[in-house]
Amino acid sequence: MPDESVKVAVRVRPFNQREKDRSAKLIIKMQGQMTTIANPETPNEEPKSFSFDYSYWSHDGFQEKSDGVLEPAGGSSYASQRRVFEDLGQGVLDNAFEGYNCSLFAYGQTGSGKSYSMVGYGQNKGIVPITCDEMFKTMDKNADPNKRFEVTFSMLEIYNEQVRDLLSKDNPKGGLNVRQNPKLGLFYVENLKRVPVGSYAEIEKRTDQGTASRTVASTNMNATSSRAHTVVTITFDQIIKSESGSETKKSSVMNLVDLAGSERADSTGATGDRLKEGANINKSLSALGNVISALADLSMGTKKKIMVPYRDSVLTKLLQNALGGNSKTIMIAALSPADINYDETLSTLRYADRAKKIKNKAVVNENPLDKLIRELKEENERLKKAMEGGGVVMQEGAGLTPEELDKMRKQMEEDIRAQLMANQAMIAENAQSWDDKLAEARTETEKIDVGGADNSRKSKEAYLINLNEDPMLSGVICHFLNSGETSVGRKDASPVPNICLSGLSIQKQHAVIFNKKGVIEIESVSGSGSKTKINGIPLTGRKALCHKDRILFGSNHMYVLMNPLKPETADNSLPKEITWEYAQKEIAQVKGFATGSAGLSKEQQIVQEQVLEILPMVSEVNAVSEELNKQKSFEVVLISAAAQEGGDITQSHASNWTSKVTVKMKNLLNGNTWLWERGKFITRRYLIQELYQKFLDGENISNIPKEQDPFWEPTEDVLIGTSNLFLQSLSYCLDFEDTLNISDYKGQEEGHLKVKLEPCDNKGKPIDEEAFVDDPHELLNKPYHFKLTVENANIHKSRFSKGIMVKYSVKNNGKVEEVKTPTVKNTLTPTFNHSKVISIPKLKQENLDFFESGCITLSIYGIQEDTMPDPKLLKLNTRELREASMYQDLRALTINQELRQMENMENSTANASGRRATMFGNEIASDTSHLKTEVVLLQRKYERLQQKERRMQQICEEWSKKPDGEKQFEPFYRAVSAVANSTGTRLKTRVQMLNQMLKLQKTVALPSYKDNSSPMLRLQKEAPGLQRQKTMDPSMLSQVLQGQKYVRQMALDKSDGKHAGDGDTISLFVFDENEHELAQEASQNNGVVDYHKVAHHHYPDLQLSKAKTDSVIEEKDGTQGDQDSFGSVDLEPYMNADPEDSADRSKRFTQNGNRTGLLSDINTKREVIKPARNAVSEYSANKKTPSKSNGKRPSSADNNKTESSACVLQ
């Protein structure tokens, strides 16, 4: 017959619940054979159009009949299951009866409706079951006594390039072999079970058997069913007896293929992974796409010499005949209607459009039966002779080594032997009568139990029903709970459990379920270390179960308890049907992840879905790591847009930032960490599944090269944290210098980074003060240059001392440029002094907008080294290492203390009450940080002893200066003894420096100028009523300058994280007889006493240090110190405070138990100080030069040091 093109149909499904929750928009339209798709990102763009043989609209316009079958509503164009069969399945059936080979395969992304079209759901049967049913109905109508029918059924699955027979319990390690028939050139599966069937009911039961086998395998092997291809092959033979008595066989092979999900390989973002090429994810579909493209080019005649790559995958080998040979082929492409799946849906349409160009030449497979048997026997004789002669004789001189020749000879002998056995099996089959073979198969079919699918028992007994991420595999496995005890565990346990499970984290004796008159309870087997979760919560002890409770055994076995005897125990808030997605959301909620979609943007909903998708994968990989003892742990990390590395000076780029789902892998031995993007983790998880399957198959995986180990990763720079540098000062051509916080992805502080922004010329030279602008719009359409200088950093954690560098990205001269500072090693306080000049050829409004509201994100990286772990850690297995990380207070212990605690972990884990540690912040405290704390404590003790000694010297000096008549030994001895025996009372006293500044404002010259500066730069208004003077006393000037310096220091203290308002408060220790009275006064005045009462205890010449430690540190003697202790400022010039003002400030200081009153007072005083400060600046400038102030333009950093401190303190 002439060439016939592959028929292609597309079908669009209704919105699923996920898409409804996200208010998805419809992007697919169909009219006749035409299908159009609109791009949601460009709504004004013309939709893309495609034409196919059939376009089925199944999105809406349907109604449900009483028996559950969906049919079109009045006047709608809804395409029902029956209509799809009549167009596609009936054609397959008709061709089969005519003797043609037929193939029907479904293509589309996961969840697009492939399985619904092929298999169906509930009463809405798909193409496969309807075709089988109609085939047997047609056979039953046959009235010709000279015609008989023989039907065989097989079902296989291709996963990870391995073939599994779904009708057989025993599959060899590595799967069944795929071999090529040397005579016909076609590929076949060796030893695949082909079952004779005599009715549709037998096919249905065998299909259920294969589905149950898929479910068990996907759970035990941790395989993702959406990544597997399912191939159902029905061989339909018609034996026709002629009048002469000879028989002719008309044979048809029907391949019904449900392909794996066609998610685009690049959509997961698995770029740059060293092992990406080794993963078999989508390998079969990629090979299928290449085969379709090559066949389309051949059919269109665009290329003359094309090699069709059938051998690139197992799937394309088996579909060789269907795609490019003797077959009538139909492809149905399933489409998602939602805008959120636009890219995948468009990819599917293009795939289908390519496939319709393929042309096949199908012929009727009709041969005399005796001729077939004779040819088989003749071929066997030739093969036997070849085997007896040592196989095929290889010609020498072909450039092959003796080893290669021997290997090739052995391979050819193996192929000959396999073909010989296949031929003998076919001869034996023909020797046995069809009736005998059918009787044997029916006996086996009747014994099949696919999991207790007895519906009558389900209404009377409690049972467990399985959940699977593939809806087609949910509800397939059923375990009834008999009265008494039901044990759960592995089949290698003794005694064998009632419910046998296998796979990750399943123990030999895992759990026991108790059933006492319908009351169900569950308990983990003590000492087994088994993992079981009830409704997402880990099982501890014995727990009563309610109707519809969700039970997770190990990492993958998810079940729902159905208790028809106690239905009232179910939670009323539960949905009518419990799904896999609901159970996974529940687990995520228990782990602290939000699962509600109300109020979330589209991007946030996508991130939420990715988190819910990846959580069970992370749990699975952690379980594999424990079982294989890989000393690695994995956890989901959600990085907000602000915490992501990189940055740009285009507003459009910044607005597109969204949170990113990543997975952190941590080496539990040395603390090294890696952040994997979602796509990379999914690829690695696939490879980890392969590795684990090899382990289950008994292969030795301990000696694989580390480069091939998916758990191994070379050390790489780790992101310590990020700092956001805001650019507002650039809008006004002002310098800006600041110390920025370095925050990790959780927002925890990891250190500080000092940076500077300077407008400059194109060579980096700072511009003068004339460049200052009041209105940023004056800069538009002009070239603009600025210099970003990364000066230095201060990192908290000592593990990053091996090397530190800073990265950021900017758009320089219109091109995005990645900038990296040199790496500074062996320090936690690196000095970079790295500058970069950034140029904007023509400043636009979007640049100004970004200056005003955007930022450049500076990413600080630490160098990691693959250091050798402590030998004591090597004695712990992966589970013990993870428990140590979870249950120890890592901040409070040194490394040595931690090691001692881990050695006793077995005895203390049960009583541990530690919290769950999941993020970067919980790092092991180092010896260095511990020693630093000790140094601070010893330094404080030393300073206290210095004060004590000075006080004793002071008492002795005072006594020696007294006249002899006033020297009384008893009071002197009492005073010295009191100091000697005192541990010291720590008190605070306040210095009234700002009051002195108030007095100066009456005589200081004040500037008068119009308030026309921009809002960002405007200083606070001067106090009214102050008059300008022409002169100033030099002593006043000195004090004003000191006060100005002091206020600036307060602002810097605030920016460094010190307590606001404490700049004029000092702490000192009192060693005296009146310690008790002073302590009482302090307790009544919020810890503060009058300075005049303790002035003689203050020694400015002692170089006392300010502690730069945590806000509160416990000292050895039980007292406490804080970061304000022992101020070293010379306070004597500021000691002339008014007592009334002192009392008033003390009163405000105590309001609400905090510093609110004091801070308000400081801000008020600072308003008045600013005019004085301006006057001083003007005085100094006029004194130096009558023209410009040193030729240097104003700096926003200078202006903001006072202004920003006021802003911070408010």
# chains A, B, ... in the order shown; residues from 1 in each chain; ligands from 1
>>> select_by_dssp(residues="region 142-230 of chain A", states="alpha helix (DSSP H)", output="JSON, numbers by chain")
{"A": [200, 201, 202, 203, 204, 205, 206, 207, 208, 209, 210, 211, 212, 213, 214, 215, 216, 217, 218, 219, 220]}
>>> write_last_selection(atoms="N, CA and C atoms", output="tab-separated table (two decimals), in the first residue's frame")
chain	number	residue	atom	x	y	z
A	200	TYR	N	-11.98	-10.04	27.65
A	200	TYR	CA	-11.59	-8.73	28.13
A	200	TYR	C	-11.37	-8.74	29.64
A	201	ALA	N	-12.14	-9.54	30.37
A	201	ALA	CA	-11.97	-9.62	31.83
A	201	ALA	C	-10.57	-10.10	32.20
A	202	GLU	N	-10.03	-11.03	31.40
A	202	GLU	CA	-8.68	-11.52	31.67
A	202	GLU	C	-7.65	-10.43	31.40
A	203	ILE	N	-7.85	-9.68	30.33
A	203	ILE	CA	-6.94	-8.56	30.05
A	203	ILE	C	-7.01	-7.53	31.18
A	204	GLU	N	-8.22	-7.26	31.67
A	204	GLU	CA	-8.40	-6.27	32.74
A	204	GLU	C	-7.67	-6.70	34.01
A	205	LYS	N	-7.76	-8.00	34.32
A	205	LYS	CA	-7.09	-8.48	35.52
A	205	LYS	C	-5.58	-8.47	35.35
A	206	ARG	N	-5.11	-8.79	34.15
A	206	ARG	CA	-3.67	-8.73	33.91
A	206	ARG	C	-3.17	-7.28	33.93
A	207	THR	N	-3.99	-6.36	33.48
A	207	THR	CA	-3.62	-4.94	33.54
A	207	THR	C	-3.52	-4.48	34.99
A	208	ASP	N	-4.48	-4.92	35.83
A	208	ASP	CA	-4.41	-4.60	37.25
A	208	ASP	C	-3.16	-5.19	37.90
A	209	GLN	N	-2.80	-6.40	37.46
A	209	GLN	CA	-1.57	-7.03	37.98
A	209	GLN	C	-0.35	-6.19	37.62
A	210	GLY	N	-0.28	-5.75	36.36
A	210	GLY	CA	0.85	-4.93	35.94
A	210	GLY	C	0.89	-3.58	36.66
A	211	THR	N	-0.28	-2.97	36.88
A	211	THR	CA	-0.33	-1.69	37.60
A	211	THR	C	0.13	-1.85	39.03
A	212	ALA	N	-0.31	-2.94	39.69
A	212	ALA	CA	0.14	-3.20	41.06
A	212	ALA	C	1.64	-3.43	41.11
A	213	SER	N	2.18	-4.11	40.10
A	213	SER	CA	3.62	-4.34	40.05
A	213	SER	C	4.36	-3.03	39.88
A	214	ARG	N	3.81	-2.11	39.06
A	214	ARG	CA	4.41	-0.79	38.90
A	214	ARG	C	4.42	-0.04	40.22
A	215	THR	N	3.31	-0.12	40.96
A	215	THR	CA	3.19	0.62	42.22
A	215	THR	C	4.21	0.14	43.24
A	216	VAL	N	4.30	-1.18	43.39
A	216	VAL	CA	5.25	-1.74	44.36
A	216	VAL	C	6.67	-1.38	43.97
A	217	ALA	N	6.97	-1.50	42.70
A	217	ALA	CA	8.33	-1.22	42.24
A	217	ALA	C	8.69	0.25	42.43
A	218	SER	N	7.76	1.14	42.09
A	218	SER	CA	8.06	2.57	42.21
A	218	SER	C	8.25	2.96	43.66
A	219	THR	N	7.56	2.28	44.59
A	219	THR	CA	7.71	2.58	46.01
A	219	THR	C	9.00	1.99	46.56
A	220	ASN	N	9.25	0.74	46.25
A	220	ASN	CA	10.44	0.08	46.79
A	220	ASN	C	11.73	0.64	46.20
>>> residues_around(residues="Ser112 (chain A)", least_positions_apart="4", cutoff="7 Å", atoms="only C-alpha atoms", output="PyMOL selection string")
chain A and resi 13+108+334-336
>>> atom_distance(atom1="CA of Ser117 (chain A)", atom2="CA of Gln81 (chain A)")
7.1 Å
>>> residues_around(residues="Leu779 (chain A)", least_positions_apart="3", cutoff="10 Å", atoms="only C-alpha atoms", output="number ranges by chain")
A: 731-733, 771, 773, 775-776, 782-784, 842-845, 848
>>> residues_around(residues="Met34 (chain A)", least_positions_apart="6", cutoff="9 Å", atoms="only C-alpha atoms", output="PyMOL selection string")
chain A and resi 49-55
>>> write_last_selection(atoms="all heavy atoms", output="PDB file, in the first residue's frame")
ATOM      1  N   SER A  49      -0.481  28.936  15.825  1.00  0.00           N
ATOM      2  CA  SER A  49      -1.504  28.006  15.331  1.00  0.00           C
ATOM      3  C   SER A  49      -0.863  26.724  14.829  1.00  0.00           C
ATOM      4  O   SER A  49       0.218  26.741  14.238  1.00  0.00           O
ATOM      5  CB  SER A  49      -2.315  28.653  14.197  1.00  0.00           C
ATOM      6  OG  SER A  49      -2.971  29.819  14.655  1.00  0.00           O
ATOM      7  N   PHE A  50      -1.571  25.617  15.073  1.00  0.00           N
ATOM      8  CA  PHE A  50      -1.134  24.297  14.616  1.00  0.00           C
ATOM      9  C   PHE A  50      -2.356  23.551  14.086  1.00  0.00           C
ATOM     10  O   PHE A  50      -3.468  23.695  14.605  1.00  0.00           O
ATOM     11  CB  PHE A  50      -0.513  23.498  15.766  1.00  0.00           C
ATOM     12  CG  PHE A  50       0.701  24.140  16.380  1.00  0.00           C
ATOM     13  CD1 PHE A  50       0.573  25.050  17.419  1.00  0.00           C
ATOM     14  CD2 PHE A  50       1.969  23.827  15.926  1.00  0.00           C
ATOM     15  CE1 PHE A  50       1.677  25.641  17.988  1.00  0.00           C
ATOM     16  CE2 PHE A  50       3.087  24.416  16.484  1.00  0.00           C
ATOM     17  CZ  PHE A  50       2.949  25.332  17.521  1.00  0.00           C
ATOM     18  N   SER A  51      -2.116  22.737  13.040  1.00  0.00           N
ATOM     19  CA  SER A  51      -3.197  21.942  12.455  1.00  0.00           C
ATOM     20  C   SER A  51      -2.871  20.462  12.606  1.00  0.00           C
ATOM     21  O   SER A  51      -1.750  20.032  12.286  1.00  0.00           O
ATOM     22  CB  SER A  51      -3.374  22.298  10.978  1.00  0.00           C
ATOM     23  OG  SER A  51      -4.397  21.512  10.404  1.00  0.00           O
ATOM     24  N   PHE A  52      -3.833  19.691  13.110  1.00  0.00           N
ATOM     25  CA  PHE A  52      -3.639  18.259  13.323  1.00  0.00           C
ATOM     26  C   PHE A  52      -4.822  17.483  12.729  1.00  0.00           C
ATOM     27  O   PHE A  52      -5.834  18.065  12.329  1.00  0.00           O
ATOM     28  CB  PHE A  52      -3.505  17.965  14.821  1.00  0.00           C
ATOM     29  CG  PHE A  52      -2.371  18.679  15.486  1.00  0.00           C
ATOM     30  CD1 PHE A  52      -2.600  19.787  16.283  1.00  0.00           C
ATOM     31  CD2 PHE A  52      -1.056  18.267  15.299  1.00  0.00           C
ATOM     32  CE1 PHE A  52      -1.554  20.464  16.888  1.00  0.00           C
ATOM     33  CE2 PHE A  52      -0.007  18.927  15.901  1.00  0.00           C
ATOM     34  CZ  PHE A  52      -0.249  20.041  16.694  1.00  0.00           C
ATOM     35  N   ASP A  53      -4.688  16.170  12.696  1.00  0.00           N
ATOM     36  CA  ASP A  53      -5.784  15.338  12.189  1.00  0.00           C
ATOM     37  C   ASP A  53      -7.017  15.472  13.077  1.00  0.00           C
ATOM     38  O   ASP A  53      -8.146  15.488  12.588  1.00  0.00           O
ATOM     39  CB  ASP A  53      -5.335  13.876  12.121  1.00  0.00           C
ATOM     40  CG  ASP A  53      -4.216  13.679  11.111  1.00  0.00           C
ATOM     41  OD1 ASP A  53      -4.488  13.758   9.904  1.00  0.00           O
ATOM     42  OD2 ASP A  53      -3.063  13.472  11.537  1.00  0.00           O
ATOM     43  N   TYR A  54      -6.796  15.562  14.388  1.00  0.00           N
ATOM     44  CA  TYR A  54      -7.906  15.708  15.335  1.00  0.00           C
ATOM     45  C   TYR A  54      -7.477  16.685  16.435  1.00  0.00           C
ATOM     46  O   TYR A  54      -6.350  16.608  16.944  1.00  0.00           O
ATOM     47  CB  TYR A  54      -8.287  14.371  15.982  1.00  0.00           C
ATOM     48  CG  TYR A  54      -8.662  13.288  15.003  1.00  0.00           C
ATOM     49  CD1 TYR A  54      -7.723  12.338  14.587  1.00  0.00           C
ATOM     50  CD2 TYR A  54      -9.952  13.213  14.479  1.00  0.00           C
ATOM     51  CE1 TYR A  54      -8.059  11.345  13.696  1.00  0.00           C
ATOM     52  CE2 TYR A  54     -10.299  12.216  13.571  1.00  0.00           C
ATOM     53  CZ  TYR A  54      -9.345  11.293  13.180  1.00  0.00           C
ATOM     54  OH  TYR A  54      -9.686  10.304  12.288  1.00  0.00           O
ATOM     55  N   SER A  55      -8.386  17.589  16.787  1.00  0.00           N
ATOM     56  CA  SER A  55      -8.190  18.471  17.935  1.00  0.00           C
ATOM     57  C   SER A  55      -9.384  18.289  18.866  1.00  0.00           C
ATOM     58  O   SER A  55     -10.514  18.658  18.513  1.00  0.00           O
ATOM     59  CB  SER A  55      -8.078  19.939  17.492  1.00  0.00           C
ATOM     60  OG  SER A  55      -6.871  20.183  16.795  1.00  0.00           O
TER      61      SER A  55
END
>>> residues_around(residues="Ile860 (chain A)", least_positions_apart="4", cutoff="7 Å", atoms="only C-alpha atoms", output="list of chain:residue names")
A:Leu719, A:Ile720, A:Gly721, A:Thr722, A:Met805, A:Val806, A:Lys807
>>> residues_around(residues="Lys533 (chain A)", least_positions_apart="6", cutoff="10 Å", atoms="only C-alpha atoms", output="ChimeraX atom specification")
/A:539-540,550-555,558,587
>>> write_last_selection(atoms="N, CA and C atoms", output="PDB file, in the first residue's frame")
ATOM      1  N   LEU A 539       6.041   9.167  64.877  1.00  0.00           N
ATOM      2  CA  LEU A 539       5.376   8.303  65.861  1.00  0.00           C
ATOM      3  C   LEU A 539       6.308   8.054  67.033  1.00  0.00           C
ATOM      4  N   THR A 540       5.824   8.358  68.223  1.00  0.00           N
ATOM      5  CA  THR A 540       6.552   8.064  69.456  1.00  0.00           C
ATOM      6  C   THR A 540       5.597   7.345  70.400  1.00  0.00           C
ATOM      7  N   ARG A 550      -3.348   9.333  57.955  1.00  0.00           N
ATOM      8  CA  ARG A 550      -2.305   9.094  56.970  1.00  0.00           C
ATOM      9  C   ARG A 550      -1.081   8.510  57.672  1.00  0.00           C
ATOM     10  N   ILE A 551      -0.560   7.405  57.155  1.00  0.00           N
ATOM     11  CA  ILE A 551       0.577   6.718  57.774  1.00  0.00           C
ATOM     12  C   ILE A 551       1.691   6.617  56.748  1.00  0.00           C
ATOM     13  N   LEU A 552       2.890   7.087  57.132  1.00  0.00           N
ATOM     14  CA  LEU A 552       4.070   6.976  56.271  1.00  0.00           C
ATOM     15  C   LEU A 552       5.067   6.036  56.934  1.00  0.00           C
ATOM     16  N   PHE A 553       5.269   4.869  56.320  1.00  0.00           N
ATOM     17  CA  PHE A 553       6.279   3.917  56.781  1.00  0.00           C
ATOM     18  C   PHE A 553       7.573   4.194  56.031  1.00  0.00           C
ATOM     19  N   GLY A 554       8.666   4.405  56.763  1.00  0.00           N
ATOM     20  CA  GLY A 554       9.941   4.687  56.111  1.00  0.00           C
ATOM     21  C   GLY A 554       9.896   5.990  55.349  1.00  0.00           C
ATOM     22  N   SER A 555      10.438   5.982  54.136  1.00  0.00           N
ATOM     23  CA  SER A 555      10.505   7.213  53.345  1.00  0.00           C
ATOM     24  C   SER A 555       9.461   7.298  52.252  1.00  0.00           C
ATOM     25  N   MET A 558       3.326   5.325  51.726  1.00  0.00           N
ATOM     26  CA  MET A 558       2.265   6.168  52.262  1.00  0.00           C
ATOM     27  C   MET A 558       0.922   5.422  52.152  1.00  0.00           C
ATOM     28  N   ILE A 587       2.791  16.956  55.640  1.00  0.00           N
ATOM     29  CA  ILE A 587       4.162  16.764  56.132  1.00  0.00           C
ATOM     30  C   ILE A 587       4.928  18.078  56.072  1.00  0.00           C
TER      31      ILE A 587
END
>>> atom_distance(atom1="CA of Ser77 (chain A)", atom2="CA of Cys132 (chain A)")
26.6 Å
>>> select_by_dssp(residues="region 531-631 of chain A", states="strand (DSSP E or B)", output="list of chain:residue names")
A:Thr532, A:Lys533, A:Ile534, A:Ile537, A:Pro538, A:Arg542, A:Lys543, A:Ala544, A:Leu545, A:Arg550, A:Ile551, A:Leu552, A:Phe553, A:His557, A:Met558, A:Tyr559, A:Val560, A:Leu561, A:Met562
>>> atom_distance(atom1="CA of Lys241 (chain A)", atom2="CA of Ile130 (chain A)")
29.1 Å
>>> closest_residue(among="A:Gly111, A:Gly475, A:Gly671, A:Pro766", to="Phe15 (chain A)", atoms="only C-alpha atoms")
A:Gly111
>>> closest_residue(among="A:Asn762, A:Gln31, A:Asn360, A:Asn191", to="Asn326 (chain A)", atoms="only C-alpha atoms")
A:Asn360
>>> decode(residues="region 30-55 of chain A", atoms="N, CA and C atoms", output="compact mmCIF listing (two decimals), in the first residue's frame")
# COMPACT_ATOMS: atom_id res chain seq x y z
N MET A 30 -9.48 25.83 20.33
CA MET A 30 -9.59 24.84 19.25
C MET A 30 -10.80 25.16 18.38
N GLN A 31 -10.59 25.00 17.10
CA GLN A 31 -11.68 25.17 16.13
C GLN A 31 -11.45 24.20 14.99
N GLY A 32 -12.29 23.16 14.92
CA GLY A 32 -12.08 22.13 13.92
C GLY A 32 -10.78 21.39 14.18
N GLN A 33 -9.92 21.34 13.16
CA GLN A 33 -8.62 20.69 13.31
C GLN A 33 -7.54 21.66 13.80
N MET A 34 -7.89 22.93 13.97
CA MET A 34 -6.92 23.96 14.32
C MET A 34 -6.83 24.12 15.84
N THR A 35 -5.60 24.19 16.33
CA THR A 35 -5.33 24.44 17.75
C THR A 35 -4.42 25.65 17.85
N THR A 36 -4.79 26.61 18.71
CA THR A 36 -3.97 27.82 18.90
C THR A 36 -3.57 27.92 20.37
N ILE A 37 -2.41 28.52 20.58
CA ILE A 37 -1.90 28.73 21.94
C ILE A 37 -1.42 30.17 22.05
N ALA A 38 -1.83 30.85 23.13
CA ALA A 38 -1.47 32.25 23.34
C ALA A 38 -0.40 32.35 24.41
N ASN A 39 0.57 33.22 24.18
CA ASN A 39 1.64 33.44 25.16
C ASN A 39 1.14 34.40 26.24
N PRO A 40 1.05 33.95 27.50
CA PRO A 40 0.52 34.83 28.56
C PRO A 40 1.41 36.03 28.85
N GLU A 41 2.71 35.94 28.49
CA GLU A 41 3.62 37.05 28.75
C GLU A 41 3.47 38.16 27.72
N THR A 42 2.98 37.82 26.53
CA THR A 42 2.80 38.82 25.47
C THR A 42 1.37 38.69 24.93
N PRO A 43 0.39 39.21 25.68
CA PRO A 43 -1.02 39.02 25.28
C PRO A 43 -1.38 39.68 23.96
N ASN A 44 -0.62 40.69 23.55
CA ASN A 44 -0.93 41.37 22.29
C ASN A 44 -0.34 40.67 21.07
N GLU A 45 0.46 39.64 21.33
CA GLU A 45 1.09 38.91 20.23
C GLU A 45 0.09 37.93 19.61
N GLU A 46 0.21 37.71 18.31
CA GLU A 46 -0.67 36.78 17.61
C GLU A 46 -0.45 35.37 18.13
N PRO A 47 -1.53 34.63 18.51
CA PRO A 47 -1.36 33.25 19.00
C PRO A 47 -0.75 32.34 17.93
N LYS A 48 0.00 31.34 18.39
CA LYS A 48 0.60 30.38 17.47
C LYS A 48 -0.43 29.33 17.10
N SER A 49 -0.48 28.94 15.83
CA SER A 49 -1.50 28.01 15.33
C SER A 49 -0.86 26.72 14.83
N PHE A 50 -1.57 25.62 15.07
CA PHE A 50 -1.13 24.30 14.62
C PHE A 50 -2.36 23.55 14.09
N SER A 51 -2.12 22.74 13.04
CA SER A 51 -3.20 21.94 12.46
C SER A 51 -2.87 20.46 12.61
N PHE A 52 -3.83 19.69 13.11
CA PHE A 52 -3.64 18.26 13.32
C PHE A 52 -4.82 17.48 12.73
N ASP A 53 -4.69 16.17 12.70
CA ASP A 53 -5.78 15.34 12.19
C ASP A 53 -7.02 15.47 13.08
N TYR A 54 -6.80 15.56 14.39
CA TYR A 54 -7.91 15.71 15.34
C TYR A 54 -7.48 16.69 16.44
N SER A 55 -8.39 17.59 16.79
CA SER A 55 -8.19 18.47 17.93
C SER A 55 -9.38 18.29 18.87
